[in-house]
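Source file: structure00.txt (compact mmCIF, C-alpha atoms)
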```txt
# COMPACT_ATOMS: atom_id res chain seq x y z
CA MET A 1401 0.00 0.00 0.00
CA SER A 1402 1.24 3.45 -0.81
CA SER A 1403 0.01 6.72 0.61
CA ALA A 1404 0.69 10.24 -0.65
CA ASN A 1405 2.12 12.86 1.70
CA THR A 1406 3.09 16.40 0.99
CA ASN A 1407 6.45 17.66 2.05
CA PRO A 1408 6.57 21.47 2.20
CA ARG A 1409 10.39 21.52 2.24
CA SER A 1410 10.71 19.46 -0.89
CA PRO A 1411 11.19 21.58 -4.05
CA GLY A 1412 9.32 19.04 -6.14
CA GLY A 1413 6.15 19.42 -4.12
CA PRO A 1414 4.29 16.33 -2.99
CA VAL A 1415 6.19 13.06 -2.92
CA LYS A 1416 5.03 9.48 -2.64
CA GLN A 1417 6.07 7.42 0.24
CA SER A 1418 6.21 3.70 -0.18
CA GLY A 1419 4.86 1.30 2.37
CA ASN A 1420 8.31 0.61 3.88
CA GLY A 1421 9.04 4.32 4.60
CA SER A 1422 11.34 5.13 1.65
CA ARG A 1423 10.58 8.23 -0.38
CA LEU A 1424 10.16 8.31 -4.10
CA ASN A 1425 10.76 11.56 -6.03
CA THR A 1426 7.69 11.23 -8.21
CA PRO A 1427 5.03 13.91 -7.87
CA ALA A 1428 1.68 12.77 -6.56
CA ARG A 1429 -1.26 12.92 -8.94
CA PRO A 1430 -4.33 14.90 -7.96
CA PRO A 1431 -7.31 12.69 -7.27
CA GLN A 1432 -9.33 12.10 -10.41
CA LYS A 1433 -13.05 12.58 -10.40
CA PRO A 1434 -15.17 10.01 -12.14
CA GLN A 1435 -16.12 11.12 -15.61
CA GLY A 1436 -19.82 11.25 -16.20
CA SER A 1437 -21.34 10.99 -19.68
CA GLY A 1438 -17.96 11.14 -21.41
CA SER A 1439 -17.20 14.85 -20.84
CA ALA A 1440 -14.01 15.84 -19.08
CA LYS A 1441 -14.59 18.13 -16.12
CA THR A 1442 -11.75 19.97 -14.50
CA ALA A 1443 -11.46 20.13 -10.75
CA SER A 1444 -12.27 23.55 -9.33
CA ARG A 1445 -9.24 25.18 -7.81
CA PRO A 1446 -9.33 27.81 -5.10
CA ASN A 1447 -8.71 31.37 -6.29
CA LEU A 1448 -5.05 31.95 -5.49
CA VAL A 1449 -4.82 35.47 -6.94
CA LYS A 1450 -6.70 38.26 -5.24
CA PRO A 1451 -8.34 40.82 -7.51
CA ALA A 1452 -6.73 44.24 -7.58
CA PRO A 1453 -8.38 46.78 -5.33
CA LYS A 1454 -10.68 49.17 -7.16
CA ALA A 1455 -8.94 52.47 -7.78
CA LYS A 1456 -10.54 55.69 -6.66
CA ALA A 1457 -12.15 57.84 -9.31
CA ARG A 1458 -9.70 60.47 -10.45
CA LYS A 1459 -10.80 64.03 -11.02
CA ALA A 1460 -9.09 66.63 -13.14
CA ARG A 1461 -10.13 70.27 -13.19
CA LEU A 1462 -9.26 71.83 -16.55
CA LEU A 1463 -9.88 75.11 -18.33
CA VAL A 1464 -10.99 75.34 -21.94
CA SER A 1465 -8.95 78.38 -22.81
CA LYS A 1466 -8.99 78.20 -26.61
CA VAL A 1467 -11.15 76.62 -29.29
CA ASP A 1468 -9.67 75.96 -32.72
CA PRO A 1469 -11.81 77.89 -35.24
CA TRP A 1470 -10.93 75.54 -38.10
CA SER A 1471 -12.19 72.47 -36.22
CA VAL A 1472 -15.34 74.36 -35.21
CA LEU A 1473 -15.87 75.31 -38.88
CA LYS A 1474 -15.55 71.70 -40.05
CA MET A 1475 -17.77 70.28 -37.34
CA SER A 1476 -20.46 72.93 -37.70
CA PHE A 1477 -20.50 72.47 -41.47
CA LEU A 1478 -21.03 68.72 -41.15
CA LEU A 1479 -23.72 69.10 -38.51
CA SER A 1480 -25.55 71.80 -40.46
CA VAL A 1481 -25.48 69.65 -43.62
CA ALA A 1482 -27.02 66.83 -41.59
CA LEU A 1483 -29.66 69.25 -40.31
CA GLY A 1484 -30.33 70.37 -43.88
CA ILE A 1485 -30.89 66.78 -45.00
CA VAL A 1486 -33.26 66.26 -42.07
CA THR A 1487 -35.15 69.42 -43.06
CA VAL A 1488 -35.70 68.26 -46.64
CA VAL A 1489 -36.72 64.74 -45.60
CA ALA A 1490 -39.08 66.11 -42.94
CA ALA A 1491 -40.73 68.41 -45.50
CA ILE A 1492 -41.30 65.45 -47.84
CA VAL A 1493 -42.71 63.29 -45.04
CA ILE A 1494 -45.02 66.03 -43.75
CA TRP A 1495 -46.35 66.81 -47.23
CA THR A 1496 -46.96 63.11 -47.90
CA VAL A 1497 -48.77 62.63 -44.59
CA LEU A 1498 -50.95 65.70 -45.25
CA ASP A 1499 -51.80 64.38 -48.71
CA LEU A 1500 -52.59 60.83 -47.55
CA THR A 1501 -54.78 61.97 -44.67
CA GLY A 1502 -56.86 64.22 -46.93
CA ILE A 1503 -55.96 67.51 -45.30
CA PHE A 1504 -55.52 69.20 -48.67
CA ASP A 1505 -59.03 68.14 -49.72
CA GLY A 1506 -60.47 69.40 -46.42
CA VAL A 1507 -58.77 72.79 -46.78
CA ASN A 1508 -59.97 73.06 -50.40
CA GLU A 1509 -63.54 72.30 -49.30
CA LEU A 1510 -63.34 74.84 -46.48
CA LEU A 1511 -62.09 77.53 -48.86
CA ARG A 1512 -64.93 76.76 -51.31
CA GLU A 1513 -67.50 77.18 -48.54
CA ILE A 1514 -65.98 80.45 -47.35
CA ALA A 1515 -65.50 82.01 -50.81
CA GLY A 1516 -68.68 80.63 -52.32
CA SER A 1517 -69.21 78.62 -55.48
CA GLU A 1518 -68.52 81.48 -57.91
CA SER A 1519 -64.86 81.81 -56.88
CA GLY A 1520 -63.80 79.27 -59.48
CA GLY A 1521 -62.36 76.91 -56.88
CA PHE A 1522 -58.97 76.92 -55.18
CA ASP A 1523 -56.70 73.88 -55.28
CA LEU A 1524 -54.07 73.86 -52.52
CA ARG A 1525 -52.11 71.10 -54.27
CA GLN A 1526 -51.40 73.45 -57.22
CA PHE A 1527 -50.21 76.15 -54.84
CA ALA A 1528 -48.09 73.81 -52.66
CA SER A 1529 -47.18 70.82 -54.78
CA LEU A 1530 -44.57 68.32 -53.64
CA GLY A 1531 -41.97 69.73 -56.04
CA GLN A 1532 -42.47 73.26 -54.78
CA VAL A 1533 -42.31 72.18 -51.14
CA VAL A 1534 -39.09 70.19 -51.72
CA SER A 1535 -37.43 73.06 -53.61
CA PHE A 1536 -38.41 75.53 -50.87
CA ALA A 1537 -37.09 73.18 -48.16
CA THR A 1538 -33.84 72.75 -50.11
CA ILE A 1539 -33.36 76.51 -50.36
CA ILE A 1540 -34.01 76.86 -46.62
CA ALA A 1541 -31.53 74.03 -45.91
CA VAL A 1542 -28.76 75.62 -48.00
CA VAL A 1543 -29.29 79.00 -46.31
CA ASN A 1544 -29.19 77.27 -42.91
CA VAL A 1545 -25.91 75.51 -43.78
CA VAL A 1546 -24.26 78.80 -44.68
CA LEU A 1547 -25.66 80.72 -41.70
CA LEU A 1548 -25.03 78.05 -39.07
CA THR A 1549 -21.46 77.49 -40.25
CA ALA A 1550 -20.72 81.22 -40.20
CA LEU A 1551 -22.34 81.70 -36.80
CA ALA A 1552 -20.41 78.79 -35.28
CA MET A 1553 -17.14 80.18 -36.65
CA LEU A 1554 -17.99 83.61 -35.27
CA ALA A 1555 -18.87 82.07 -31.90
CA ALA A 1556 -15.50 80.29 -31.78
CA VAL A 1557 -13.61 83.49 -32.52
CA LEU A 1558 -15.63 85.42 -29.92
CA TYR A 1559 -15.03 82.66 -27.37
CA ASN A 1560 -11.27 82.84 -27.94
CA ILE A 1561 -11.33 86.63 -27.45
CA SER A 1562 -13.43 86.44 -24.30
CA SER A 1563 -11.47 83.53 -22.83
CA ALA A 1564 -8.29 85.59 -23.17
CA LEU A 1565 -9.93 88.13 -20.86
CA VAL A 1566 -11.54 85.82 -18.28
CA GLY A 1567 -9.54 82.61 -18.61
CA GLY A 1568 -12.04 80.26 -20.21
CA ILE A 1569 -14.61 77.75 -19.02
CA GLY A 1570 -13.73 75.42 -16.14
CA VAL A 1571 -14.43 71.73 -16.73
CA THR A 1572 -14.07 68.90 -14.21
CA LEU A 1573 -13.32 65.50 -15.77
CA THR A 1574 -13.78 62.29 -13.76
CA ASP A 1575 -12.59 58.77 -14.37
CA ASP A 1576 -15.50 56.47 -13.51
```
Would you kindly transcribe this structure into structure tokens?
Amino acid sequence: MSSANTNPRSPGGPVKQSGNGSRLNTPARPPQKPQGSGSAKTASRPNLVKPAPKAKARKARLLVSKVDPWSVLKMSFLLSVALGIVTVVAAIVIWTVLDLTGIFDGVNELLREIAGSESGGFDLRQFASLGQVVSFATIIAVVNVVLLTALAMLAAVLYNISSALVGGIGVTLTDD
């Protein structure tokens, strides 16, 4: 009969000891668990490494003392173009919804009742057709792109001038 003992002073770890007291330098095998349904399961080992302590959230108080006008120009141009696209698409959607729900017909009928039958009839779809609405929305979008880009550039320049006088805007950044 052989029994397995662990020797903490031995560099090889656990050693086997034969029945007559002599030591063998072969490492002891961990006890094997019976395998159920053919899948190999590993023995759960205790967690030997402790997780690192959670660091405190760092805070940094900074001042925005200057804004680059060129980067503001690029960003405001892109955002205003996106807003222009949204404006045109929204105009198309609103006109389509008004047409499908029969609002144009209701307004035409109301105008006929107010003006009387001898007015010759007024058709709102001829006055505000889809093509006219889209072209008007496109013109408004282009004007908005130019104005918003110019105003953002002007705001950046004015911010740089005013921040030279007062020091800028204080911002506190945290690391969560």
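Put simply, atom CA of Trp1495 of chain A is 7.8 Å away from atom CA of Val1533 of chain A.
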Practice task
Dump as a PyMOL selection string all residues having an atom at most 12 Å from (-12.7, 85.0, -24.1), computed in the file's coordinates with only C-alpha atoms.
Solution key: chain A and resi 1463-1467+1555-1569
Name the residues in contact with Ser1535 of chain A at a cut-off of 12 Å, using all atoms listed in the file, excluding same-chain residues fewer than 3 positions from it; report them as a tab-separated table (two decimals) with C-alpha atoms, in the coordinates of the input.
```
chain	number	residue	atom	x	y	z
A	1487	THR	CA	-35.15	69.42	-43.06
A	1488	VAL	CA	-35.70	68.26	-46.64
A	1489	VAL	CA	-36.72	64.74	-45.60
A	1491	ALA	CA	-40.73	68.41	-45.50
A	1492	ILE	CA	-41.30	65.45	-47.84
A	1528	ALA	CA	-48.09	73.81	-52.66
A	1529	SER	CA	-47.18	70.82	-54.78
A	1530	LEU	CA	-44.57	68.32	-53.64
A	1531	GLY	CA	-41.97	69.73	-56.04
A	1532	GLN	CA	-42.47	73.26	-54.78
A	1538	THR	CA	-33.84	72.75	-50.11
A	1539	ILE	CA	-33.36	76.51	-50.36
A	1540	ILE	CA	-34.01	76.86	-46.62
A	1541	ALA	CA	-31.53	74.03	-45.91
A	1542	VAL	CA	-28.76	75.62	-48.00
```
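Between atom CA of Trp1470 of chain A and atom CA of Leu1547 of chain A there is a distance of 16.0 Å.
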Exercise for the section: List the neighbours of Ala1457 of chain A out to 10 Å using only C-alpha atoms; skip same-chain residues closer than 2 positions along the sequence, and give me the result as a VMD selection string. Expected result: chain A and resid 1454 to 1455 1459 1574 to 1576
Problem - Nearby residues (all atoms listed in the file) at most 12 Å from Glu1509 of chain A, same-chain spacing under 5 positions excluded, as a PyMOL selection string - result: chain A and resi 1502-1504+1514-1517+1521-1524
Problem - Shell around Arg1525 of chain A at 9 Å using all atoms listed in the file, local window under 6 positions removed, as JSON, numbers by chain - result: {"A": [1499, 1504, 1505, 1508]}
Handout entry: Interatomic distance (Å, one decimal) between atom CA of Leu1483 of chain A and atom CA of Leu1548 of chain A
Key = 10.0 Å
Problem - Who sits within 10 Å of Phe1477 of chain A, all atoms listed in the file, same chain under 4 positions skipped, as an MDAnalysis selection string - result: chainID A and resid 1471:1473 1481:1483 1545:1550 1552:1553
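Proximity to Ile1485 of chain A was assessed for A:Val1534, A:Gly1506, A:Leu1554, A:Val1571 counting all atoms listed in the file; the smallest distance is recorded for A:Val1534.
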Repair of segment 1457-1469 of chain A at the level of N, CA and C atoms, as a CSV table (one decimal), in the frame of the given file:
```csv
chain,number,residue,atom,x,y,z
A,1457,ALA,N,-11.9,57.0,-8.1
A,1457,ALA,CA,-12.2,57.8,-9.3
A,1457,ALA,C,-11.3,59.1,-9.3
A,1458,ARG,N,-10.6,59.3,-10.4
A,1458,ARG,CA,-9.7,60.5,-10.4
A,1458,ARG,C,-10.5,61.6,-11.0
A,1459,LYS,N,-10.2,62.8,-10.5
A,1459,LYS,CA,-10.8,64.0,-11.0
A,1459,LYS,C,-9.7,65.0,-11.5
A,1460,ALA,N,-10.0,65.6,-12.6
A,1460,ALA,CA,-9.1,66.6,-13.1
A,1460,ALA,C,-9.9,67.9,-13.5
A,1461,ARG,N,-9.5,69.0,-12.9
A,1461,ARG,CA,-10.1,70.3,-13.2
A,1461,ARG,C,-9.3,71.0,-14.3
A,1462,LEU,N,-9.9,71.2,-15.4
A,1462,LEU,CA,-9.3,71.8,-16.6
A,1462,LEU,C,-10.0,73.1,-17.0
A,1463,LEU,N,-9.3,73.9,-17.7
A,1463,LEU,CA,-9.9,75.1,-18.3
A,1463,LEU,C,-9.8,75.0,-19.8
A,1464,VAL,N,-11.0,75.3,-20.5
A,1464,VAL,CA,-11.0,75.3,-21.9
A,1464,VAL,C,-10.7,76.8,-22.3
A,1465,SER,N,-9.4,77.0,-22.6
A,1465,SER,CA,-9.0,78.4,-22.8
A,1465,SER,C,-9.0,78.8,-24.3
A,1466,LYS,N,-9.0,77.9,-25.2
A,1466,LYS,CA,-9.0,78.2,-26.6
A,1466,LYS,C,-9.7,77.1,-27.4
A,1467,VAL,N,-10.5,77.5,-28.4
A,1467,VAL,CA,-11.2,76.6,-29.3
A,1467,VAL,C,-10.6,76.9,-30.7
A,1468,ASP,N,-10.2,75.8,-31.4
A,1468,ASP,CA,-9.7,76.0,-32.7
A,1468,ASP,C,-10.8,76.3,-33.7
A,1469,PRO,N,-10.7,77.5,-34.3
A,1469,PRO,CA,-11.8,77.9,-35.2
A,1469,PRO,C,-12.0,77.0,-36.5
```
